[in-house]
Amino acid sequence: MVGDKRAEGIPEPIVRQLAVSMLDAFEWHAAILDSTGRILAVNAAWRRFAEANGLGASRCGPGVNYLAVCDSATGEESAGSAAAAAGIRRVLSGAAAAFRLEYPCLSRDGQRWFAMRVRAFRHEGATLALVGHKDITERGRAREWLRLQRDLAVALGAVATLEDALPRCLDTALRASGMDAGGIYLYDQATRTINLAWAQGLSDAFVRSVSVYEADSPHVALVARGVPFYGPFPELGMPLDEAKRAEGLRALAVLPMLYEGKIIGCLNVSSHTRDDVPAAVRGILEGIAAQIGGAVSRLQAEGALRDSEARFRTLFEHAPDGIFLTDLEGRLLDANRAAERIVGYPREELLGKCIFKEGLLDAAETAKARRNVAESAAGRPTGPNQYTVTREDGSQVSLEARAFPLKLGAQNVILVIARDITDRKQAEDRMCQMQDQLAHVSRLSTMGEMAAGIAHEVNQPLYSILNFAKACGNVLSAENRPGLEQLRDWTEEIALAAARAGQIVAQLRRFARRSESVRLPASLHEIVDESVQLVASEARRHGADVRLELADFPAAVWVDRIQIQQVMVNLLQNAYEAMDDDHAARRQVTIRTERAGDTVEVSVADTGPGIPTEPGLKIFDAFVTTKPEGLGMGLAISTTIVESHGGRIWAGVNREGGATFHFTLPLV
Amino acid sequence: MDTEPTVFVVDDDEQSCKSVCALVQSMGVRAESFCSAEQFLRSGREDRPGCLVIDVRMPGMSGLELQEEIKKRGIGLPVIVITAYARTPSTVRAIRGGAVTLLEKPYENNDLGDAIRQALAQDAAGRAEQERRREIGCRIARLTASERDVLNLIVEGLPNKSIARRLNMSVRTVENRRRAVFEKVQVRSVAELTRTMITAELDAPPRGEG
């Protein structure tokens with residue numbers, strides 16, 4: 001601009017000195033090349049750089065052909081040098097006015113970045129080039145780091161497993177730091193150890209020797225502190241075994257990976273050739289470590305979720321109970337294997353269908369299921385309810401089902417847990433049958449014991465009939481037939497006595513009959529009366545005085561009449577027999593009933609010798625008896641009967657001697 | 001005193017009791033029923049003619065206990081014991097106790113009516129015999145002490161001479177006394193006198209229970 005005018009006014013040597021000074025003040029390394037690429041002049045920055053990199057003036061000073069230097073470059077630098085030489089040539093040939101280039105260059109303290117600017121200018125008819133050169137490593141690194149980070153972030157976002165992510169992360173860290181070996185350790189919360197998950201550039205022996213750091217090792221303590229370690233490998237403070245020594249690691253960086261305060265693990269990078277980790281790459285490594293920490297944390301969480309889902313699915317599938325998931329209308333959303341097994345249809349056939357419409361349940365049970373689903377849809381758990389399901393093959397299965405309202409995400413659903421109780425029910429039925437059979441056998445046995453008494457009981461009316469009949473015969477055969485008017489009375493008496501005999505026989509037959517247990521509403525007092533009559537002859541035979549003290553309320557119970565009679569008969573017989581001993585001065589049996597809450601309690605008290613107190617004698621157990629000819633079944637069966645009716649049976653000793661047996665039955 | 005024979009029926013079973021009474025009435029015999037042994041013992045009927053029909057098994061005093069009590073009180077009523085269990089020990093006990101008949105109910109071949117008839121006849125015969133002895137006793141009571149002495153020696157079979165010598169009296173006196181004895185006792189021969197005296201001896205109350 002005004003330079004030319006001033007230059008004209010300024011003497012030549014001053015201009016030259018000024019130019020040299022200005023070039024020297026310039027922070028770029030600057031050189032002027034002639035048209036062949038020979039260095040004409042360099043500034044102070046150029047000289048300092050050449051010296052710092054061990055390049056003396058003979059190799060990179062005036063007189064040296066810069067193009068030749070660039071062309072002779074080999075190895076990693078050759079690409080950048082070739083590009084530089086090509087650009088300079090184009091400028092010197094006039095093909096381009098200017099040229100700019102940025103290139104990496106490996107130096108002693110890691111990879112460095114350089115910018116080159118070349119500009120042509122004409123001097124005395126020749127084309128010269130001004131070459132500016134500057135170390136832009138910081139900027140280059142930042143840019144490279146941004147690129148790596150972006151690539152890494154994209155890569156980590158795409159990977160689904162730790163196995164895929166870790167090699168990528170480690171490779172990036174090594175490339176960014178210029179280190180040649182490393183590993184990624186993950187923290188195990190259960191064992192509180194850190195374990196090597198991925199390694200690169202290390203011998204197998206070394207990898208084996210550093211695969212796990214124990215909870216109390218300095219390495220774990222270092223990671224737990226969350227502060228990076230940079231230094232020579234031996235300074236980490238772990239004992240050096242043969243494998244570690246042989247590996248010959250020198251520089252080491254240990255970068256703890258933390259995520260939201262939780263220890264994730266650490267990123268270790270090291271070098272077999274360098275002695276320290278350049279300060280410039282430390283930030284990059286820390287950034288990568290943080291990124292890996294975040295990714296690992298996410299992947300671990302995802303893995304845990306997947307594991308948890310898999311676990312729950314496994315639990316669901318292998319649960320012994322059938323599990324059905326339905327919507328609020330009862331349409332099946334999911335079912336496990338046990339559910340398939342229970343209903344005998346493959347899941348695919350069931351899904352989406354309404355559980356009420358598959359012919360699984362009969363009409364009454366479908367209505368019951370519908371009510372229960374509606375109940376659960378309204379937010380209340382139901383069950384256990386029993387259902388009988390008809391399978392596809394027509395066989396039936398008994399279920400006990402509970403239903404729970406649930407919210408799965410945004411959907412309200414009903415969880416139905418169904419247990420196959422077919423076996424249990426069959427066992428229960430068999431048990432009931434066996435109990436009925438046992439009770440029957442016991443009744444027969446009781447009747448055998450009562451045979452003499454029964455004979456008497458039947459004989460009594462037969463005796464009367466005989467007498468009345470003979471009386472009638474006498475009157476009819478006498479000549480003057482005295483007492484003829486009494487005949488009508490006597491024949492009526494005959495009918496009454498015959499009816500009485502018939503009743504006794506009928507009652508006995510009922511008692512002896514083997515019948516399905518039938519429970520009906522009944523008056524306990526009636527049953528007590530009948531039982532006392534049934535063994536009235538026994539009372540007479542044993543000379544027992546029977547007294548009834550029945551409470552004044554309708555003792556309505558829901559029972560198998562014959563079985564409760566059996567209990568009473570058993571207790572009464574025991575009472576009568578207990579008083580057979582001659583020392584029983586008073587032979588009295590008192591039968592009492594009283595209300596006890598929502599049950600009625602019956603007690604049978606005798607004046608016999610009481611209950612034997614031998615240790616270990618459990619009179620309510622089967623085959624335990626104190627009677628010489630007893631089977632020991634009576635009390636055991638009475639217990640079974642009373643308990644199956646929801647009652648309780650027990651015995652006590654009276655204050656004035658004798659035993660009292662009590663039992664309760666729930667009132668209707 | 002009521003002398004019409006009565007059958008006393010003791011049975012706690014009302015129907016049985018009634019039926020026995022009916023049978024008895026149909027035989028033209030009076031019957032009275034008692035529902036327990038105690039009731040009968042309180043009734044003051046033990047001296048009346050007739051017989052007892054007792055059921056063995058009763059609450060309170062049993063039939064066998066009643067039988068023993070009757071025997072202890074010296075009541076002469078024949079007893080028919082009815083049992084549902086003709087078990088040996090109770091049978092033995094009843095027969096030792098002097099029961100006329102032991103019937104197992106319902107009886108088959110043995111007829112309760114026959115048993116009652118037999119018992120009443122026995123009672124009647126017993127009472128007739130007792131009456132005869134009482135009468136003989138009255139006749140003997142009319143004899144004087146010396147007539148009694150002569151009677152005893154006649155019954156021993158001594159001739160008049162020996163009696164006279166034994167009693168230190170004349171043969172004539174013995175003959176007179178002998179005539180008086182025959183008249184008062186109302187016999188015509190020594191054999192008849194001896195038979196009467198044997199009956200009278202039997203009538204004597206057992207020794208030690210006078």
# chains A, B, ... in the order shown; residues from 1 in each chain; ligands from 1
$ residues_around --residues "Thr83 of chain B" --least-positions-apart "2" --cutoff "8 Å" --atoms "only C-alpha atoms" --output "number ranges by chain"
B: 55-57, 81, 85-86, 102-105
$ interface_residues --of "chain B" --to "chain A" --cutoff "12 Å" --atoms "only C-alpha atoms" --output "PDB file with N, CA and C atoms, in the first residue's frame"
ATOM      1  N   ASP B  11     -91.008-104.918  87.424  1.00  0.00           N
ATOM      2  CA  ASP B  11     -90.223-104.700  86.181  1.00  0.00           C
ATOM      3  C   ASP B  11     -90.172-103.200  85.917  1.00  0.00           C
ATOM      4  N   ASP B  12     -88.983-102.688  85.631  1.00  0.00           N
ATOM      5  CA  ASP B  12     -88.875-101.239  85.395  1.00  0.00           C
ATOM      6  C   ASP B  12     -89.350-100.872  83.986  1.00  0.00           C
ATOM      7  N   ASP B  13     -89.429-101.844  83.099  1.00  0.00           N
ATOM      8  CA  ASP B  13     -89.888-101.563  81.739  1.00  0.00           C
ATOM      9  C   ASP B  13     -91.412-101.602  81.756  1.00  0.00           C
ATOM     10  N   GLU B  14     -92.010-100.461  81.501  1.00  0.00           N
ATOM     11  CA  GLU B  14     -93.454-100.306  81.680  1.00  0.00           C
ATOM     12  C   GLU B  14     -94.222-101.285  80.794  1.00  0.00           C
ATOM     13  N   GLN B  15     -93.750-101.394  79.549  1.00  0.00           N
ATOM     14  CA  GLN B  15     -94.465-102.247  78.602  1.00  0.00           C
ATOM     15  C   GLN B  15     -94.400-103.719  79.024  1.00  0.00           C
ATOM     16  N   SER B  16     -93.203-104.149  79.446  1.00  0.00           N
ATOM     17  CA  SER B  16     -93.048-105.531  79.903  1.00  0.00           C
ATOM     18  C   SER B  16     -93.978-105.792  81.086  1.00  0.00           C
ATOM     19  N   CYS B  17     -93.987-104.860  81.996  1.00  0.00           N
ATOM     20  CA  CYS B  17     -94.776-104.957  83.207  1.00  0.00           C
ATOM     21  C   CYS B  17     -96.264-105.142  82.848  1.00  0.00           C
ATOM     22  N   LYS B  18     -96.687-104.269  81.932  1.00  0.00           N
ATOM     23  CA  LYS B  18     -98.084-104.308  81.492  1.00  0.00           C
ATOM     24  C   LYS B  18     -98.419-105.659  80.851  1.00  0.00           C
ATOM     25  N   SER B  19     -97.482-106.150  80.033  1.00  0.00           N
ATOM     26  CA  SER B  19     -97.753-107.377  79.278  1.00  0.00           C
ATOM     27  C   SER B  19     -97.881-108.579  80.221  1.00  0.00           C
ATOM     28  N   VAL B  20     -97.060-108.594  81.256  1.00  0.00           N
ATOM     29  CA  VAL B  20     -97.146-109.705  82.213  1.00  0.00           C
ATOM     30  C   VAL B  20     -98.472-109.624  82.967  1.00  0.00           C
ATOM     31  N   CYS B  21     -98.821-108.392  83.338  1.00  0.00           N
ATOM     32  CA  CYS B  21    -100.101-108.207  84.037  1.00  0.00           C
ATOM     33  C   CYS B  21    -101.272-108.690  83.167  1.00  0.00           C
ATOM     34  N   ALA B  22    -101.178-108.353  81.839  1.00  0.00           N
ATOM     35  CA  ALA B  22    -102.230-108.776  80.925  1.00  0.00           C
ATOM     36  C   ALA B  22    -102.322-110.296  80.883  1.00  0.00           C
ATOM     37  N   LEU B  23    -101.157-110.927  80.810  1.00  0.00           N
ATOM     38  CA  LEU B  23    -101.140-112.391  80.753  1.00  0.00           C
ATOM     39  C   LEU B  23    -101.784-112.975  82.016  1.00  0.00           C
ATOM     40  N   VAL B  24    -101.411-112.404  83.134  1.00  0.00           N
ATOM     41  CA  VAL B  24    -101.928-112.901  84.415  1.00  0.00           C
ATOM     42  C   VAL B  24    -103.446-112.713  84.484  1.00  0.00           C
ATOM     43  N   GLN B  25    -103.893-111.519  84.085  1.00  0.00           N
ATOM     44  CA  GLN B  25    -105.328-111.239  84.125  1.00  0.00           C
ATOM     45  C   GLN B  25    -106.083-112.196  83.210  1.00  0.00           C
ATOM     46  N   SER B  26    -105.476-112.494  82.048  1.00  0.00           N
ATOM     47  CA  SER B  26    -106.152-113.380  81.101  1.00  0.00           C
ATOM     48  C   SER B  26    -106.307-114.789  81.682  1.00  0.00           C
ATOM     49  N   MET B  27    -105.527-115.088  82.700  1.00  0.00           N
ATOM     50  CA  MET B  27    -105.626-116.390  83.349  1.00  0.00           C
ATOM     51  C   MET B  27    -106.638-116.337  84.485  1.00  0.00           C
ATOM     52  N   GLY B  28    -107.275-115.175  84.618  1.00  0.00           N
ATOM     53  CA  GLY B  28    -108.264-115.009  85.664  1.00  0.00           C
ATOM     54  C   GLY B  28    -107.640-114.804  87.021  1.00  0.00           C
ATOM     55  N   VAL B  29    -106.400-114.355  87.023  1.00  0.00           N
ATOM     56  CA  VAL B  29    -105.695-114.133  88.286  1.00  0.00           C
ATOM     57  C   VAL B  29    -105.443-112.634  88.434  1.00  0.00           C
ATOM     58  N   ARG B  30    -105.506-112.205  89.687  1.00  0.00           N
ATOM     59  CA  ARG B  30    -105.277-110.792  89.906  1.00  0.00           C
ATOM     60  C   ARG B  30    -103.771-110.481  89.774  1.00  0.00           C
ATOM     61  N   ASP B  55     -88.008-109.054  87.147  1.00  0.00           N
ATOM     62  CA  ASP B  55     -87.007-108.882  86.081  1.00  0.00           C
ATOM     63  C   ASP B  55     -85.641-108.741  86.749  1.00  0.00           C
ATOM     64  N   VAL B  56     -84.657-109.438  86.211  1.00  0.00           N
ATOM     65  CA  VAL B  56     -83.345-109.430  86.865  1.00  0.00           C
ATOM     66  C   VAL B  56     -82.726-108.031  86.840  1.00  0.00           C
ATOM     67  N   ARG B  57     -82.723-107.426  85.646  1.00  0.00           N
ATOM     68  CA  ARG B  57     -82.011-106.159  85.511  1.00  0.00           C
ATOM     69  C   ARG B  57     -82.912-104.970  85.719  1.00  0.00           C
ATOM     70  N   MET B  58     -82.624-104.283  86.791  1.00  0.00           N
ATOM     71  CA  MET B  58     -83.372-103.059  87.054  1.00  0.00           C
ATOM     72  C   MET B  58     -82.404-102.056  87.658  1.00  0.00           C
ATOM     73  N   PRO B  59     -82.619-100.799  87.387  1.00  0.00           N
ATOM     74  CA  PRO B  59     -81.787 -99.813  88.089  1.00  0.00           C
ATOM     75  C   PRO B  59     -82.100 -99.865  89.573  1.00  0.00           C
ATOM     76  N   GLY B  60     -81.157 -99.511  90.391  1.00  0.00           N
ATOM     77  CA  GLY B  60     -81.363 -99.621  91.838  1.00  0.00           C
ATOM     78  C   GLY B  60     -81.208-101.071  92.242  1.00  0.00           C
ATOM     79  N   MET B  61     -82.139-101.578  93.134  1.00  0.00           N
ATOM     80  CA  MET B  61     -82.029-102.962  93.590  1.00  0.00           C
ATOM     81  C   MET B  61     -82.388-103.886  92.432  1.00  0.00           C
ATOM     82  N   SER B  62     -81.504-104.854  92.170  1.00  0.00           N
ATOM     83  CA  SER B  62     -81.738-105.758  91.042  1.00  0.00           C
ATOM     84  C   SER B  62     -82.720-106.847  91.464  1.00  0.00           C
ATOM     85  N   ILE B  82     -87.104-113.476  85.632  1.00  0.00           N
ATOM     86  CA  ILE B  82     -87.023-113.301  84.174  1.00  0.00           C
ATOM     87  C   ILE B  82     -85.692-112.622  83.853  1.00  0.00           C
ATOM     88  N   THR B  83     -84.987-113.208  82.928  1.00  0.00           N
ATOM     89  CA  THR B  83     -83.716-112.574  82.566  1.00  0.00           C
ATOM     90  C   THR B  83     -83.524-112.582  81.050  1.00  0.00           C
ATOM     91  N   ALA B  84     -82.837-111.582  80.592  1.00  0.00           N
ATOM     92  CA  ALA B  84     -82.503-111.546  79.169  1.00  0.00           C
ATOM     93  C   ALA B  84     -81.214-112.304  78.927  1.00  0.00           C
ATOM     94  N   TYR B  85     -80.454-112.444  79.973  1.00  0.00           N
ATOM     95  CA  TYR B  85     -79.169-113.154  79.836  1.00  0.00           C
ATOM     96  C   TYR B  85     -79.148-114.288  80.835  1.00  0.00           C
ATOM     97  N   ALA B  86     -79.381-115.510  80.347  1.00  0.00           N
ATOM     98  CA  ALA B  86     -79.354-116.646  81.272  1.00  0.00           C
ATOM     99  C   ALA B  86     -77.918-117.059  81.473  1.00  0.00           C
ATOM    100  N   ARG B  87     -77.121-116.107  81.949  1.00  0.00           N
ATOM    101  CA  ARG B  87     -75.704-116.432  82.113  1.00  0.00           C
ATOM    102  C   ARG B  87     -75.548-117.284  83.357  1.00  0.00           C
ATOM    103  N   LEU B 103     -86.733-117.832  83.783  1.00  0.00           N
ATOM    104  CA  LEU B 103     -87.134-117.744  82.387  1.00  0.00           C
ATOM    105  C   LEU B 103     -86.247-116.765  81.635  1.00  0.00           C
ATOM    106  N   GLU B 104     -85.809-117.195  80.454  1.00  0.00           N
ATOM    107  CA  GLU B 104     -85.054-116.269  79.613  1.00  0.00           C
ATOM    108  C   GLU B 104     -86.027-115.672  78.620  1.00  0.00           C
ATOM    109  N   LYS B 105     -85.985-114.350  78.505  1.00  0.00           N
ATOM    110  CA  LYS B 105     -86.950-113.743  77.598  1.00  0.00           C
ATOM    111  C   LYS B 105     -86.307-113.438  76.265  1.00  0.00           C
ATOM    112  N   PRO B 106     -87.013-113.482  75.162  1.00  0.00           N
ATOM    113  CA  PRO B 106     -88.416-113.959  75.175  1.00  0.00           C
ATOM    114  C   PRO B 106     -88.425-115.480  75.269  1.00  0.00           C
ATOM    115  N   TYR B 107     -89.165-115.999  76.220  1.00  0.00           N
ATOM    116  CA  TYR B 107     -89.191-117.461  76.455  1.00  0.00           C
ATOM    117  C   TYR B 107     -89.753-118.149  75.221  1.00  0.00           C
ATOM    118  N   GLU B 108     -89.307-119.362  75.004  1.00  0.00           N
ATOM    119  CA  GLU B 108     -89.822-120.086  73.843  1.00  0.00           C
ATOM    120  C   GLU B 108     -90.693-121.255  74.280  1.00  0.00           C
ATOM    121  N   ASN B 109     -90.003-122.259  74.847  1.00  0.00           N
ATOM    122  CA  ASN B 109     -90.780-123.443  75.237  1.00  0.00           C
ATOM    123  C   ASN B 109     -91.423-123.255  76.598  1.00  0.00           C
ATOM    124  N   ASN B 110     -90.672-122.641  77.474  1.00  0.00           N
ATOM    125  CA  ASN B 110     -91.218-122.433  78.820  1.00  0.00           C
ATOM    126  C   ASN B 110     -92.245-121.324  78.770  1.00  0.00           C
ATOM    127  N   ASP B 111     -93.395-121.647  79.236  1.00  0.00           N
ATOM    128  CA  ASP B 111     -94.481-120.687  79.178  1.00  0.00           C
ATOM    129  C   ASP B 111     -94.547-119.942  80.504  1.00  0.00           C
ATOM    130  N   LEU B 112     -94.546-118.618  80.400  1.00  0.00           N
ATOM    131  CA  LEU B 112     -94.641-117.833  81.628  1.00  0.00           C
ATOM    132  C   LEU B 112     -95.956-118.149  82.366  1.00  0.00           C
ATOM    133  N   GLY B 113     -97.006-118.376  81.570  1.00  0.00           N
ATOM    134  CA  GLY B 113     -98.298-118.694  82.173  1.00  0.00           C
ATOM    135  C   GLY B 113     -98.221-119.977  83.002  1.00  0.00           C
ATOM    136  N   ASP B 114     -97.585-121.007  82.428  1.00  0.00           N
ATOM    137  CA  ASP B 114     -97.426-122.275  83.169  1.00  0.00           C
ATOM    138  C   ASP B 114     -96.664-122.031  84.455  1.00  0.00           C
TER     139      ASP B 114
END
$ select_by_dssp --residues "segment 156-202 of chain A" --states "strand (DSSP E)" --output "list of chain:residue names"
A:Ala181, A:Gly182, A:Gly183, A:Ile184, A:Tyr185, A:Leu186, A:Tyr187, A:Asp188, A:Thr193, A:Ile194, A:Asn195, A:Leu196, A:Ala197, A:Trp198, A:Ala199, A:Gln200
$ write_last_selection --atoms "N, CA and C atoms" --output "mmCIF file, in the first residue's frame"
data_model
loop_
_atom_site.group_PDB
_atom_site.id
_atom_site.type_symbol
_atom_site.label_atom_id
_atom_site.label_comp_id
_atom_site.auth_asym_id
_atom_site.auth_seq_id
_atom_site.Cartn_x
_atom_site.Cartn_y
_atom_site.Cartn_z
ATOM 1 N N ALA A 181 -0.311 -50.087 24.401
ATOM 2 C CA ALA A 181 -0.932 -51.232 25.076
ATOM 3 C C ALA A 181 -1.936 -50.718 26.103
ATOM 4 N N GLY A 182 -2.854 -51.570 26.443
ATOM 5 C CA GLY A 182 -3.808 -51.143 27.469
ATOM 6 C C GLY A 182 -4.867 -52.189 27.739
ATOM 7 N N GLY A 183 -5.696 -51.853 28.692
ATOM 8 C CA GLY A 183 -6.766 -52.781 29.051
ATOM 9 C C GLY A 183 -7.903 -52.020 29.717
ATOM 10 N N ILE A 184 -9.080 -52.628 29.665
ATOM 11 C CA ILE A 184 -10.223 -52.041 30.372
ATOM 12 C C ILE A 184 -10.653 -53.028 31.453
ATOM 13 N N TYR A 185 -10.693 -52.488 32.670
ATOM 14 C CA TYR A 185 -11.114 -53.296 33.810
ATOM 15 C C TYR A 185 -12.525 -52.893 34.196
ATOM 16 N N LEU A 186 -13.313 -53.925 34.648
ATOM 17 C CA LEU A 186 -14.660 -53.622 35.152
ATOM 18 C C LEU A 186 -14.740 -54.039 36.615
ATOM 19 N N TYR A 187 -15.483 -53.253 37.365
ATOM 20 C CA TYR A 187 -15.608 -53.479 38.804
ATOM 21 C C TYR A 187 -16.736 -54.475 39.060
ATOM 22 N N ASP A 188 -16.474 -55.461 39.911
ATOM 23 C CA ASP A 188 -17.514 -56.425 40.292
ATOM 24 C C ASP A 188 -17.982 -56.067 41.696
ATOM 25 N N THR A 193 -13.797 -56.720 43.396
ATOM 26 C CA THR A 193 -12.534 -56.809 42.666
ATOM 27 C C THR A 193 -12.720 -56.069 41.350
ATOM 28 N N ILE A 194 -11.566 -55.722 40.691
ATOM 29 C CA ILE A 194 -11.700 -55.241 39.319
ATOM 30 C C ILE A 194 -11.073 -56.278 38.409
ATOM 31 N N ASN A 195 -11.794 -56.562 37.327
ATOM 32 C CA ASN A 195 -11.421 -57.671 36.463
ATOM 33 C C ASN A 195 -11.168 -57.160 35.050
ATOM 34 N N LEU A 196 -10.119 -57.676 34.446
ATOM 35 C CA LEU A 196 -9.771 -57.265 33.097
ATOM 36 C C LEU A 196 -10.818 -57.784 32.124
ATOM 37 N N ALA A 197 -11.418 -56.865 31.374
ATOM 38 C CA ALA A 197 -12.481 -57.265 30.452
ATOM 39 C C ALA A 197 -11.979 -57.285 29.006
ATOM 40 N N TRP A 198 -10.999 -56.444 28.715
ATOM 41 C CA TRP A 198 -10.457 -56.404 27.363
ATOM 42 C C TRP A 198 -9.039 -55.857 27.420
ATOM 43 N N ALA A 199 -8.139 -56.441 26.608
ATOM 44 C CA ALA A 199 -6.755 -55.942 26.591
ATOM 45 C C ALA A 199 -6.262 -55.901 25.155
ATOM 46 N N GLN A 200 -5.284 -55.078 24.951
ATOM 47 C CA GLN A 200 -4.729 -54.953 23.594
ATOM 48 C C GLN A 200 -3.238 -54.683 23.716
#
$ residues_around --residues "His272 of chain A" --least-positions-apart "3" --cutoff "7 Å" --atoms "only C-alpha atoms" --output "compact mmCIF listing (two decimals) with N, CA and C atoms, in the first residue's frame"
# COMPACT_ATOMS: atom_id res chain seq x y z
N ASP A 180 0.81 -47.83 23.29
CA ASP A 180 0.73 -49.03 22.47
C ASP A 180 0.07 -50.23 23.14
N GLY A 248 7.87 -55.49 30.37
CA GLY A 248 8.67 -54.29 30.15
C GLY A 248 7.88 -53.03 29.91
N LEU A 249 6.73 -52.92 30.57
CA LEU A 249 5.93 -51.70 30.40
C LEU A 249 6.63 -50.53 31.07
N ARG A 250 6.51 -49.38 30.45
CA ARG A 250 7.16 -48.20 31.04
C ARG A 250 6.13 -47.19 31.47
$ select_by_dssp --residues "segment 44-84 of chain A" --states "helix (DSSP H, G or I)" --output "ChimeraX atom specification"
/A:44-52,57-60,66-72,75-84
$ write_last_selection --atoms "C-alpha atoms" --output "PDB file, in the first residue's frame"
ATOM      1  CA  ALA A  44      14.579 -17.042  14.206  1.00  0.00           C
ATOM      2  CA  ALA A  45      11.529 -19.252  14.873  1.00  0.00           C
ATOM      3  CA  TRP A  46      12.628 -21.629  12.081  1.00  0.00           C
ATOM      4  CA  ARG A  47      16.076 -21.835  13.519  1.00  0.00           C
ATOM      5  CA  ARG A  48      14.790 -22.497  17.037  1.00  0.00           C
ATOM      6  CA  PHE A  49      12.485 -25.241  15.789  1.00  0.00           C
ATOM      7  CA  ALA A  50      15.214 -26.907  13.758  1.00  0.00           C
ATOM      8  CA  GLU A  51      17.549 -26.868  16.759  1.00  0.00           C
ATOM      9  CA  ALA A  52      14.859 -28.179  19.090  1.00  0.00           C
ATOM     10  CA  ALA A  57      21.400 -25.611   9.668  1.00  0.00           C
ATOM     11  CA  SER A  58      23.129 -28.148   7.462  1.00  0.00           C
ATOM     12  CA  ARG A  59      19.906 -30.162   7.303  1.00  0.00           C
ATOM     13  CA  CYS A  60      17.311 -27.507   7.361  1.00  0.00           C
ATOM     14  CA  TYR A  66      13.569 -27.949   1.182  1.00  0.00           C
ATOM     15  CA  LEU A  67      11.807 -29.881  -1.536  1.00  0.00           C
ATOM     16  CA  ALA A  68      14.594 -32.462  -1.375  1.00  0.00           C
ATOM     17  CA  VAL A  69      14.143 -32.707   2.422  1.00  0.00           C
ATOM     18  CA  CYS A  70      10.409 -33.230   1.968  1.00  0.00           C
ATOM     19  CA  ASP A  71      10.930 -35.781  -0.797  1.00  0.00           C
ATOM     20  CA  SER A  72      13.373 -37.781   1.345  1.00  0.00           C
ATOM     21  CA  GLY A  75       7.585 -43.570   7.322  1.00  0.00           C
ATOM     22  CA  GLU A  76       4.650 -41.921   8.941  1.00  0.00           C
ATOM     23  CA  GLU A  77       5.795 -38.470   7.935  1.00  0.00           C
ATOM     24  CA  SER A  78       6.074 -39.217   4.232  1.00  0.00           C
ATOM     25  CA  ALA A  79       2.412 -38.590   3.437  1.00  0.00           C
ATOM     26  CA  GLY A  80       2.470 -35.089   4.983  1.00  0.00           C
ATOM     27  CA  SER A  81       5.866 -34.307   3.444  1.00  0.00           C
ATOM     28  CA  ALA A  82       4.819 -35.417  -0.010  1.00  0.00           C
ATOM     29  CA  ALA A  83       1.701 -33.273   0.178  1.00  0.00           C
ATOM     30  CA  ALA A  84       3.835 -30.309   1.317  1.00  0.00           C
TER      31      ALA A  84
END
$ residues_around --residues "Ser43 of chain B" --least-positions-apart "5" --cutoff "12 Å" --atoms "only C-alpha atoms" --output "PyMOL selection string"
chain B and resi 8+10+32-38+48
